[in-house]
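Asker: Take a look at run.txt, compact mmCIF, C-alpha atoms:
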# COMPACT_ATOMS: atom_id res chain seq x y z
CA MET A 28 -29.56 -7.36 63.69
CA VAL A 29 -25.79 -7.15 64.07
CA GLU A 30 -24.30 -9.69 66.44
CA THR A 31 -22.07 -8.45 69.25
CA SER A 32 -19.74 -10.11 71.71
CA GLU A 33 -22.37 -9.73 74.43
CA SER A 34 -25.52 -11.85 74.28
CA LYS A 35 -27.64 -9.08 75.85
CA PRO A 36 -25.59 -5.87 75.78
CA ARG A 37 -26.79 -2.85 77.74
CA VAL A 38 -27.98 -0.03 75.49
CA MET A 39 -28.06 3.75 75.93
CA VAL A 40 -29.85 6.13 73.57
CA ILE A 41 -28.74 9.77 73.75
CA CYS A 42 -30.74 12.33 71.81
CA ALA A 43 -31.54 16.02 71.71
CA HIS A 44 -35.33 16.21 72.16
CA PRO A 45 -38.31 14.10 73.22
CA ASP A 46 -39.55 12.18 70.14
CA ASP A 47 -36.14 12.19 68.36
CA LEU A 48 -35.32 8.67 69.41
CA ASP A 49 -38.85 7.46 68.67
CA PHE A 50 -38.46 8.56 65.07
CA GLY A 51 -34.92 7.21 64.92
CA CYS A 52 -34.84 3.91 66.76
CA SER A 53 -37.92 3.03 68.85
CA GLY A 54 -38.69 -0.01 66.70
CA THR A 55 -35.19 -1.40 67.24
CA MET A 56 -35.40 -0.58 70.94
CA THR A 57 -38.70 -2.49 71.19
CA LEU A 58 -37.06 -5.54 69.60
CA TRP A 59 -34.02 -5.31 71.85
CA ALA A 60 -36.08 -4.80 75.00
CA ARG A 61 -38.00 -7.97 74.15
CA GLU A 62 -34.68 -9.80 73.93
CA GLY A 63 -34.01 -8.78 77.52
CA ARG A 64 -31.61 -5.93 76.87
CA GLU A 65 -31.52 -3.12 79.42
CA ILE A 66 -32.28 0.19 77.67
CA ILE A 67 -31.57 3.65 79.08
CA TYR A 68 -32.81 6.87 77.46
CA VAL A 69 -30.94 10.16 77.89
CA LEU A 70 -32.68 13.34 76.67
CA CYS A 71 -30.40 16.37 76.51
CA THR A 72 -33.31 18.83 76.35
CA SER A 73 -36.97 18.55 77.22
CA GLY A 74 -38.11 20.32 74.06
CA ASP A 75 -39.26 23.47 75.86
CA LYS A 76 -39.46 25.54 72.63
CA GLY A 77 -41.40 22.99 70.57
CA THR A 78 -44.68 24.88 70.18
CA ALA A 79 -46.14 27.95 68.47
CA ASP A 80 -49.01 28.12 70.98
CA PRO A 81 -48.67 31.38 72.99
CA GLY A 82 -50.80 29.87 75.74
CA ILE A 83 -48.22 27.22 76.61
CA THR A 84 -45.18 28.33 78.61
CA PRO A 85 -41.79 26.69 78.11
CA GLU A 86 -42.05 25.29 81.64
CA ASN A 87 -45.45 23.73 80.97
CA LEU A 88 -44.30 22.34 77.65
CA MET A 89 -41.23 20.82 79.27
CA GLU A 90 -43.44 18.96 81.75
CA MET A 91 -45.75 17.79 78.98
CA ARG A 92 -42.96 16.54 76.77
CA GLU A 93 -41.16 14.73 79.57
CA GLU A 94 -44.37 12.89 80.42
CA GLU A 95 -44.89 12.06 76.75
CA GLN A 96 -41.38 10.60 76.56
CA ARG A 97 -41.99 8.50 79.67
CA CYS A 98 -45.21 7.21 78.06
CA SER A 99 -43.27 6.26 74.94
CA ALA A 100 -40.48 4.60 76.91
CA ALA A 101 -43.01 2.48 78.79
CA ASN A 102 -44.51 1.29 75.50
CA VAL A 103 -41.08 0.36 74.19
CA GLY A 104 -39.82 -1.28 77.37
CA ALA A 105 -37.00 1.11 78.22
CA LYS A 106 -35.83 0.77 81.82
CA GLU A 107 -35.08 4.41 82.63
CA VAL A 108 -35.48 7.90 81.15
CA ILE A 109 -33.01 10.64 82.14
CA PHE A 110 -33.52 14.34 81.33
CA LEU A 111 -30.53 16.72 81.37
CA ARG A 112 -32.87 19.71 80.82
CA LEU A 113 -30.57 21.82 78.66
CA ARG A 114 -32.35 24.63 76.82
CA ASP A 115 -34.04 23.57 73.59
CA GLY A 116 -32.26 25.03 70.55
CA GLU A 117 -29.24 26.10 72.59
CA VAL A 118 -27.28 22.85 72.98
CA GLU A 119 -23.52 23.15 72.60
CA ASN A 120 -20.85 20.49 72.43
CA ASN A 121 -18.96 21.78 75.43
CA GLN A 122 -17.21 20.57 78.55
CA HIS A 123 -20.38 20.74 80.66
CA LEU A 124 -22.36 18.45 78.36
CA ARG A 125 -19.49 16.04 77.80
CA ARG A 126 -18.85 15.75 81.54
CA GLU A 127 -22.50 14.93 82.18
CA LEU A 128 -22.49 12.32 79.42
CA VAL A 129 -19.23 10.80 80.66
CA ARG A 130 -20.79 10.52 84.12
CA LEU A 131 -23.82 8.70 82.72
CA ILE A 132 -21.81 6.37 80.50
CA ARG A 133 -19.52 5.46 83.39
CA LYS A 134 -22.51 5.00 85.69
CA TYR A 135 -24.62 2.78 83.40
CA ARG A 136 -21.73 1.23 81.41
CA PRO A 137 -23.55 0.61 78.10
CA HIS A 138 -22.05 -1.63 75.44
CA ILE A 139 -23.98 0.11 72.65
CA VAL A 140 -24.85 3.80 72.34
CA LEU A 141 -27.29 5.21 69.77
CA THR A 142 -27.38 8.88 68.82
CA HIS A 143 -27.79 11.41 66.00
CA ASP A 144 -25.33 11.08 63.12
CA PRO A 145 -22.92 14.05 63.46
CA ALA A 146 -21.63 13.34 59.95
CA ASN A 147 -24.98 14.31 58.43
CA ARG A 148 -24.17 17.69 56.88
CA GLN A 149 -26.56 17.44 53.92
CA PHE A 150 -28.79 20.27 55.19
CA ASP A 151 -31.62 18.94 53.05
CA ASN A 152 -34.03 18.34 55.93
CA GLN A 153 -34.71 20.91 58.63
CA TYR A 154 -35.62 18.24 61.18
CA LEU A 155 -32.64 15.94 60.75
CA CYS A 156 -30.18 18.83 60.58
CA HIS A 157 -31.42 20.71 63.65
CA SER A 158 -28.46 22.38 65.40
CA ASP A 159 -29.20 20.46 68.62
CA HIS A 160 -28.98 17.16 66.74
CA ARG A 161 -25.57 18.08 65.35
CA ALA A 162 -24.28 19.28 68.72
CA VAL A 163 -25.51 16.18 70.57
CA GLY A 164 -24.12 13.76 67.97
CA GLU A 165 -20.71 15.38 68.15
CA ALA A 166 -20.77 15.57 71.95
CA VAL A 167 -21.66 11.88 72.22
CA PHE A 168 -18.82 10.88 69.89
CA ASP A 169 -16.33 13.07 71.78
CA THR A 170 -17.61 11.65 75.07
CA ILE A 171 -17.25 8.03 74.01
CA TYR A 172 -13.80 8.53 72.55
CA PRO A 173 -11.65 9.19 74.33
CA ALA A 174 -13.19 10.74 77.46
CA ALA A 175 -15.46 8.02 78.90
CA GLY A 176 -12.78 5.35 78.78
CA ASN A 177 -9.80 7.43 79.87
CA ARG A 178 -9.28 8.10 83.58
CA ASN A 179 -7.34 11.27 82.83
CA PHE A 180 -10.54 12.96 81.62
CA TYR A 181 -12.68 14.45 84.40
CA PRO A 182 -10.72 12.91 87.29
CA GLU A 183 -13.29 14.37 89.68
CA LEU A 184 -15.65 11.63 88.47
CA LEU A 185 -13.26 9.03 89.86
CA LEU A 186 -13.81 10.57 93.30
CA GLU A 187 -17.56 10.05 92.77
CA GLY A 188 -16.92 6.35 92.09
CA TYR A 189 -17.31 6.45 88.30
CA GLU A 190 -14.55 4.33 86.78
CA PRO A 191 -13.70 4.59 83.05
CA HIS A 192 -15.85 2.60 80.65
CA LYS A 193 -15.31 1.86 76.96
CA VAL A 194 -18.35 1.65 74.68
CA SER A 195 -18.12 -1.12 72.07
CA GLU A 196 -20.44 0.19 69.35
CA ILE A 197 -22.19 3.35 68.25
CA TYR A 198 -25.32 3.27 66.08
CA PHE A 199 -26.00 6.62 64.40
CA PHE A 200 -29.57 7.35 63.31
CA GLY A 201 -30.69 10.15 61.00
CA THR A 202 -27.85 9.12 58.71
CA HIS A 203 -27.40 9.53 54.97
CA ARG A 204 -24.93 6.62 54.84
CA PRO A 205 -26.65 3.62 56.48
CA ASP A 206 -24.88 0.28 56.67
CA VAL A 207 -27.28 -1.47 59.08
CA TRP A 208 -30.95 -2.20 58.38
CA VAL A 209 -33.11 -3.50 61.23
CA ASP A 210 -36.38 -5.17 60.24
CA ILE A 211 -39.05 -3.61 62.46
CA SER A 212 -42.03 -5.07 60.59
CA SER A 213 -43.10 -7.12 63.62
CA VAL A 214 -43.11 -4.07 65.91
CA MET A 215 -44.28 -1.33 63.58
CA GLU A 216 -47.50 -0.89 65.55
CA GLU A 217 -45.47 -0.45 68.74
CA LYS A 218 -43.31 2.17 67.03
CA ILE A 219 -46.43 4.05 65.94
CA ALA A 220 -47.84 3.83 69.47
CA ALA A 221 -44.59 5.22 70.88
CA LEU A 222 -44.72 8.15 68.46
CA LEU A 223 -48.38 8.82 69.20
CA CYS A 224 -47.45 9.45 72.84
CA HIS A 225 -46.00 12.78 71.67
CA LYS A 226 -49.37 14.52 71.48
CA SER A 227 -47.96 18.01 71.98
CA GLN A 228 -46.05 17.65 68.71
CA LEU A 229 -48.54 15.75 66.57
CA GLY A 230 -51.68 17.69 67.39
CA SER A 231 -54.64 16.47 65.33
CA ASP A 232 -52.69 15.54 62.20
CA LYS A 233 -54.52 12.41 61.01
CA SER A 234 -52.11 11.89 58.11
CA PHE A 235 -49.20 11.26 60.48
CA VAL A 236 -49.61 7.48 60.76
CA SER A 237 -49.76 7.08 56.99
CA TRP A 238 -46.63 9.19 56.62
CA ILE A 239 -44.78 7.09 59.20
CA ARG A 240 -45.74 3.85 57.47
CA GLU A 241 -44.59 5.21 54.11
CA ARG A 242 -41.35 6.59 55.52
CA PHE A 243 -40.20 3.35 57.15
CA SER A 244 -41.51 1.28 54.26
CA GLN A 245 -39.21 3.23 51.93
CA LEU A 246 -36.27 2.64 54.27
CA GLY A 247 -36.92 -1.10 54.20
CA LYS A 248 -37.24 -1.48 50.43
CA PRO A 249 -33.51 -1.78 49.60
CA LYS A 250 -33.34 -4.90 51.78
CA GLY A 251 -36.77 -6.35 50.98
CA MET A 252 -38.17 -5.47 54.41
CA LYS A 253 -41.71 -4.23 54.90
CA TYR A 254 -40.53 -1.69 57.47
CA ALA A 255 -37.01 -0.88 58.62
CA GLU A 256 -34.92 1.48 60.69
CA VAL A 257 -31.47 2.31 59.39
CA PHE A 258 -28.20 3.19 61.08
CA ARG A 259 -24.54 3.87 60.46
CA ARG A 260 -22.62 1.58 62.80
CA LEU A 261 -19.19 2.29 64.24
CA ASN A 262 -17.41 -0.66 65.86
CA LEU A 263 -15.01 0.54 68.56
CA GLY A 264 -13.71 -2.90 69.47
CA PRO A 265 -13.78 -4.76 72.79
Here is the file; what I need is its structure written in the form of structure tokens.
Answerer:
Amino acid sequence: MVETSESKPRVMVICAHPDDLDFGCSGTMTLWAREGREIIYVLCTSGDKGTADPGITPENLMEMREEEQRCSAANVGAKEVIFLRLRDGEVENNQHLRRELVRLIRKYRPHIVLTHDPANRQFDNQYLCHSDHRAVGEAVFDTIYPAAGNRNFYPELLLEGYEPHKVSEIYFFGTHRPDVWVDISSVMEEKIAALLCHKSQLGSDKSFVSWIRERFSQLGKPKGMKYAEVFRRLNLGP
């Protein structure tokens, strides 16, 4: 784990859909929660299009997936889960989204933010390169610098009591250029439990757990770790 200037920095994870962050960083979040770090989840959509079942409406699926994400967050130890309820598959990096993210960053004042890697343009994996992932990653970066820390952006938020806040670090998951490996071997079962909360997405696929073990085992091999999550870290300074 990378040391920071804060002994227990506050952490915010911003992602596109329920289950994204559980694939990307729930093991690391479990470790950090156990250290006493305060963890906030922000979900830009509620995954209302994530089914092929004609008997499930988008509204019903949204409710299901939000409850699944709350279940996962409770297993991990996250303090709060926030849903922006943008439409699944229609996320844009625009002023509306950036303003909402600036409001949340100024409200909760995280030291570390985790999100999708907007630099991933490999287009070799339909899940990692989902358009919502790209839009959210870019929006988060544009929000953190310069908007969240500059009082001249969204001055109406100052009237709401939200003073500028500068994030110290960004950890990008779903990256093709990792430079941080976090050993999650001690919490791999908790990561699996968090993922299994997402029943609407996993269905009855019994091979899922084996695939997860293999996936995160492969990520750990370069560093001699049984299981690892990987990130690209950007240090933004104090």
Asker: CA of Ala60 (chain A) to CA of Val38 (chain A): how many Å, to one decimal?
Answerer: 9.4 Å
Asker: For Ile67 (chain A), list every protein, DNA or RNA residue within 6 Å, evaluated using only C-alpha atoms, and leave out those in the same chain fewer than 3 positions away; present the list as a PyMOL selection string.
Answerer: chain A and resi 39+106-107
Asker: Using only C-alpha atoms, which residue out of A:Lys218, A:Arg125, A:His138, A:Arg204 lies closest to Asn102 (chain A)?
Answerer: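 Looking only at the distances to Asn102 (chain A), the closest residue turns out to be A:Lys218.
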Asker: Considering all atoms listed in the file, can you say which of A:Glu62, A:Ala166, A:Ile219, A:Leu263 comes closest to Val236 (chain A)?
Answerer: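 Smallest distance to Val236 (chain A) is found for A:Ile219.
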Asker: Nearest to His157 (chain A): which of A:Leu48, A:Ala43, A:Met252, A:Val129 is it, counting only C-alpha atoms?
Answerer: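 For His157 (chain A), the nearest of the given residues is A:Ala43.
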Asker: Using only C-alpha atoms, which of A:Asp144, A:Glu95, A:Glu256, A:Glu127 sits nearest Tyr181 (chain A)?
Answerer: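 So, comparing all the options, the nearest one is A:Glu127.
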Asker: When you draw a straight line from CA of Glu90 (chain A) to CA of Thr72 (chain A), how long is it in Å?
Answerer: 11.5 Å
Asker: Skipping near chain neighbours, those fewer than 2 positions away, what residues fall within 10 Å of Met89 (chain A) using only C-alpha atoms, listed as a ChimeraX atom specification?
Answerer: /A:45,72-77,83-87,91-95,112,114-115
Asker: Please provide as a PyMOL selection string all residues within 8 Å of Ser212 (chain A), with the sequence filter that same-chain residues fewer than 4 positions apart are discarded (counting all atoms listed in the file).
Answerer: chain A and resi 252-255
Asker: Would you mind putting N, CA and C atoms back on region 210-240 of chain A and writing the result as an mmCIF file, in the coordinates of the input?
Answerer:
data_model
loop_
_atom_site.group_PDB
_atom_site.id
_atom_site.type_symbol
_atom_site.label_atom_id
_atom_site.label_comp_id
_atom_site.auth_asym_id
_atom_site.auth_seq_id
_atom_site.Cartn_x
_atom_site.Cartn_y
_atom_site.Cartn_z
ATOM 1 N N ASP A 210 -35.005 -4.883 60.644
ATOM 2 C CA ASP A 210 -36.380 -5.170 60.240
ATOM 3 C C ASP A 210 -37.307 -4.961 61.437
ATOM 4 N N ILE A 211 -38.133 -3.916 61.357
ATOM 5 C CA ILE A 211 -39.050 -3.610 62.460
ATOM 6 C C ILE A 211 -40.500 -3.935 62.083
ATOM 7 N N SER A 212 -40.677 -4.763 61.059
ATOM 8 C CA SER A 212 -42.030 -5.070 60.590
ATOM 9 C C SER A 212 -42.905 -5.646 61.702
ATOM 10 N N SER A 213 -42.317 -6.465 62.561
ATOM 11 C CA SER A 213 -43.100 -7.120 63.620
ATOM 12 C C SER A 213 -43.476 -6.179 64.748
ATOM 13 N N VAL A 214 -42.826 -5.006 64.811
ATOM 14 C CA VAL A 214 -43.110 -4.070 65.910
ATOM 15 C C VAL A 214 -43.490 -2.689 65.385
ATOM 16 N N MET A 215 -43.937 -2.639 64.139
ATOM 17 C CA MET A 215 -44.280 -1.330 63.580
ATOM 18 C C MET A 215 -45.432 -0.676 64.345
ATOM 19 N N GLU A 216 -46.391 -1.463 64.796
ATOM 20 C CA GLU A 216 -47.500 -0.890 65.550
ATOM 21 C C GLU A 216 -47.019 -0.312 66.886
ATOM 22 N N GLU A 217 -46.044 -0.967 67.490
ATOM 23 C CA GLU A 217 -45.470 -0.450 68.740
ATOM 24 C C GLU A 217 -44.701 0.845 68.486
ATOM 25 N N LYS A 218 -44.014 0.920 67.365
ATOM 26 C CA LYS A 218 -43.310 2.170 67.030
ATOM 27 C C LYS A 218 -44.311 3.309 66.844
ATOM 28 N N ILE A 219 -45.395 3.026 66.142
ATOM 29 C CA ILE A 219 -46.430 4.050 65.940
ATOM 30 C C ILE A 219 -47.021 4.471 67.275
ATOM 31 N N ALA A 220 -47.285 3.505 68.154
ATOM 32 C CA ALA A 220 -47.840 3.830 69.470
ATOM 33 C C ALA A 220 -46.876 4.696 70.271
ATOM 34 N N ALA A 221 -45.579 4.411 70.174
ATOM 35 C CA ALA A 221 -44.590 5.220 70.880
ATOM 36 C C ALA A 221 -44.596 6.654 70.360
ATOM 37 N N LEU A 222 -44.688 6.808 69.045
ATOM 38 C CA LEU A 222 -44.720 8.150 68.460
ATOM 39 C C LEU A 222 -45.998 8.896 68.818
ATOM 40 N N LEU A 223 -47.101 8.174 68.878
ATOM 41 C CA LEU A 223 -48.380 8.820 69.200
ATOM 42 C C LEU A 223 -48.445 9.332 70.627
ATOM 43 N N CYS A 224 -47.514 8.896 71.480
ATOM 44 C CA CYS A 224 -47.450 9.450 72.840
ATOM 45 C C CYS A 224 -47.124 10.942 72.802
ATOM 46 N N HIS A 225 -46.467 11.397 71.737
ATOM 47 C CA HIS A 225 -46.000 12.780 71.670
ATOM 48 C C HIS A 225 -47.106 13.689 71.135
ATOM 49 N N LYS A 226 -48.170 13.787 71.908
ATOM 50 C CA LYS A 226 -49.370 14.520 71.480
ATOM 51 C C LYS A 226 -49.110 16.007 71.300
ATOM 52 N N SER A 227 -48.222 16.575 72.093
ATOM 53 C CA SER A 227 -47.960 18.010 71.980
ATOM 54 C C SER A 227 -47.341 18.369 70.638
ATOM 55 N N GLN A 228 -46.709 17.396 69.994
ATOM 56 C CA GLN A 228 -46.050 17.650 68.710
ATOM 57 C C GLN A 228 -46.910 17.261 67.524
ATOM 58 N N LEU A 229 -47.749 16.266 67.692
ATOM 59 C CA LEU A 229 -48.540 15.750 66.570
ATOM 60 C C LEU A 229 -49.850 16.486 66.387
ATOM 61 N N GLY A 230 -50.401 17.005 67.481
ATOM 62 C CA GLY A 230 -51.680 17.690 67.390
ATOM 63 C C GLY A 230 -52.756 16.768 66.852
ATOM 64 N N SER A 231 -53.536 17.253 65.905
ATOM 65 C CA SER A 231 -54.640 16.470 65.330
ATOM 66 C C SER A 231 -54.353 16.033 63.901
ATOM 67 N N ASP A 232 -53.071 15.915 63.559
ATOM 68 C CA ASP A 232 -52.690 15.540 62.200
ATOM 69 C C ASP A 232 -52.999 14.058 61.952
ATOM 70 N N LYS A 233 -54.089 13.792 61.244
ATOM 71 C CA LYS A 233 -54.520 12.410 61.010
ATOM 72 C C LYS A 233 -53.703 11.715 59.923
ATOM 73 N N SER A 234 -52.926 12.492 59.171
ATOM 74 C CA SER A 234 -52.110 11.890 58.110
ATOM 75 C C SER A 234 -50.781 11.360 58.636
ATOM 76 N N PHE A 235 -50.507 11.598 59.925
ATOM 77 C CA PHE A 235 -49.200 11.260 60.480
ATOM 78 C C PHE A 235 -48.900 9.765 60.373
ATOM 79 N N VAL A 236 -49.856 8.923 60.758
ATOM 80 C CA VAL A 236 -49.610 7.480 60.760
ATOM 81 C C VAL A 236 -49.301 6.987 59.357
ATOM 82 N N SER A 237 -50.025 7.481 58.375
ATOM 83 C CA SER A 237 -49.760 7.080 56.990
ATOM 84 C C SER A 237 -48.359 7.502 56.563
ATOM 85 N N TRP A 238 -47.964 8.705 56.970
ATOM 86 C CA TRP A 238 -46.630 9.190 56.620
ATOM 87 C C TRP A 238 -45.553 8.318 57.252
ATOM 88 N N ILE A 239 -45.757 7.942 58.516
ATOM 89 C CA ILE A 239 -44.780 7.090 59.200
ATOM 90 C C ILE A 239 -44.663 5.746 58.504
ATOM 91 N N ARG A 240 -45.787 5.148 58.154
ATOM 92 C CA ARG A 240 -45.740 3.850 57.470
ATOM 93 C C ARG A 240 -44.977 3.972 56.141
#
